[in-house]
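A.B. asks: Shown below is the structure under consideration.
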Amino acid sequence: MKRGAALLLALFGLAACSSPQPPHGVPSPSPTHSPGLPSLTVRAVGSAKRPIRIVQTRRNNTREYELLARTIHSIGAASDARVRLSDVRVTFTARDGSTLVADSPYAIVDERDGSIEMSGGVRAENKAGVRLTCRTLVYRRGTQSLHGSGDVHVYGERGMNAVGRTVDADIALSKVRIE
């Protein structure tokens, strides 16, 4: 079992006693069936002082991302789950150590394809002060790449200012392609 999936399963076990209603206006993740593994439905609520925390690590035990959220709703087996979250902050860490902090109202973590889709208006910033805003931002775990869409705006402290419909970038926002 993947380390991230095992962590999610442990989180689900701790959070199983809470059963809040999911936020209105957010599409529910589609239930999936995994042969041989039980399907789990988990709902939990954190708070501003004690948010729900998920940490994904790489094989060499370095952090890939840390995700903080106010609510969580998961459907599926741990290695196959689609986890819906609200009031989300993700700190992505690239293999070279650069980081990007992204905030959004909603996100879906898909364990099957290794993605995080942040939506509802995303704001992200790296340590150098380069900022990215867009409606939707997708992180792909395998390539550590970002794809944003909708009202894309990338700007920085040294006068950089670019707008477009889509953006493809690395976590450091050092390699950015806007269309």
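The way I read the labels, and the way they are meant: chains A, B, ... in the order of the structure tokens, residue 1 as the first residue of every chain, and ligand 1 as the first ligand shown, with later ones counted on from there.
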Quick one: residues within 6 Å of Ile72 in chain A, only C-alpha atoms, excluding same-chain residues fewer than 4 positions away - as a list of chain:residue names?
C.D. replies: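 Contacts, with the query itself left out: A:Arg43, A:Ala44, A:Arg84, A:Leu85.
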A.B. asks: Please list as an NGL selection string every residue within 9 Å of range 100-110 of chain A, counting only C-alpha atoms and excluding residues in the same chain fewer than 5 positions away.
C.D. replies: :A and (26 or 29 or 69 or 80-94 or 115-127 or 132 or 135-136 or 171-173)
A.B. asks: Please produce an output containing C-alpha atoms for each residue in the selection, written as an mmCIF file, in the first residue's frame.
C.D. replies:
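File written: result-v4.cif
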```
data_model
loop_
_atom_site.group_PDB
_atom_site.id
_atom_site.type_symbol
_atom_site.label_atom_id
_atom_site.label_comp_id
_atom_site.auth_asym_id
_atom_site.auth_seq_id
_atom_site.Cartn_x
_atom_site.Cartn_y
_atom_site.Cartn_z
ATOM 1 C CA VAL A 26 -19.697 21.008 -4.775
ATOM 2 C CA PRO A 29 -16.907 12.395 -6.237
ATOM 3 C CA ALA A 69 -8.481 21.443 4.822
ATOM 4 C CA ASP A 80 -8.462 4.122 -5.079
ATOM 5 C CA ALA A 81 -10.232 6.966 -3.261
ATOM 6 C CA ARG A 82 -11.457 10.306 -4.525
ATOM 7 C CA VAL A 83 -11.267 12.695 -1.620
ATOM 8 C CA ARG A 84 -13.230 15.943 -1.749
ATOM 9 C CA LEU A 85 -12.015 18.767 0.514
ATOM 10 C CA SER A 86 -13.027 22.355 1.278
ATOM 11 C CA ASP A 87 -11.108 25.441 2.436
ATOM 12 C CA VAL A 88 -7.853 23.966 1.186
ATOM 13 C CA ARG A 89 -4.206 25.017 1.510
ATOM 14 C CA VAL A 90 -1.561 22.859 -0.160
ATOM 15 C CA THR A 91 2.186 23.359 0.237
ATOM 16 C CA PHE A 92 3.869 21.600 -2.687
ATOM 17 C CA THR A 93 7.574 20.741 -2.361
ATOM 18 C CA ALA A 94 9.579 19.957 -5.504
ATOM 19 C CA SER A 115 -3.694 14.277 -8.938
ATOM 20 C CA ILE A 116 -4.976 17.170 -6.886
ATOM 21 C CA GLU A 117 -7.546 19.379 -8.588
ATOM 22 C CA MET A 118 -8.040 22.693 -6.808
ATOM 23 C CA SER A 119 -11.070 24.756 -7.856
ATOM 24 C CA GLY A 120 -13.284 27.698 -7.060
ATOM 25 C CA GLY A 121 -10.548 30.301 -7.553
ATOM 26 C CA VAL A 122 -6.940 29.364 -6.797
ATOM 27 C CA ARG A 123 -4.190 31.616 -5.446
ATOM 28 C CA ALA A 124 -0.623 30.322 -5.319
ATOM 29 C CA GLU A 125 2.712 31.891 -4.400
ATOM 30 C CA ASN A 126 6.316 30.713 -4.247
ATOM 31 C CA LYS A 127 9.059 31.948 -1.891
ATOM 32 C CA LEU A 132 -0.405 32.654 -9.823
ATOM 33 C CA ARG A 135 -10.046 29.287 -11.538
ATOM 34 C CA THR A 136 -8.746 25.685 -11.539
ATOM 35 C CA ILE A 171 6.213 23.934 -8.756
ATOM 36 C CA ALA A 172 8.859 26.678 -8.532
ATOM 37 C CA LEU A 173 6.995 28.711 -11.193
#
```
A.B. asks: Would you kindly return, as number ranges by chain, each protein, DNA or RNA residue with an atom no farther than 7 Å from any atom of range 146-148 of chain A, considering only C-alpha atoms and excluding same-chain residues fewer than 5 positions away?
C.D. replies: A: 134, 136-140, 166-171
A.B. asks: Write out, as a PDB file, in the first residue's frame, the residues just selected, with C-alpha atoms.
C.D. replies:
```pdb
ATOM      1  CA  CYS A 134      -6.652  30.955 -11.879  1.00  0.00           C
ATOM      2  CA  THR A 136      -8.746  25.685 -11.539  1.00  0.00           C
ATOM      3  CA  LEU A 137      -5.273  24.260 -10.860  1.00  0.00           C
ATOM      4  CA  VAL A 138      -4.353  20.593 -11.335  1.00  0.00           C
ATOM      5  CA  TYR A 139      -1.209  19.065  -9.808  1.00  0.00           C
ATOM      6  CA  ARG A 140       0.085  15.768 -11.250  1.00  0.00           C
ATOM      7  CA  THR A 166      -4.249  28.345 -19.454  1.00  0.00           C
ATOM      8  CA  VAL A 167      -0.892  27.882 -17.770  1.00  0.00           C
ATOM      9  CA  ASP A 168       1.514  24.954 -17.551  1.00  0.00           C
ATOM     10  CA  ALA A 169       4.280  25.269 -14.958  1.00  0.00           C
ATOM     11  CA  ASP A 170       6.609  23.584 -12.531  1.00  0.00           C
ATOM     12  CA  ILE A 171       6.213  23.934  -8.756  1.00  0.00           C
TER      13      ILE A 171
END
```
A.B. asks: Report as a PyMOL selection string: the residues of range 40-104 of chain A with a DSSP assignment of strand (DSSP E), based on the backbone of this structure.
C.D. replies: chain A and resi 40-45+52-57+63-69+71-76+82-93+99-104
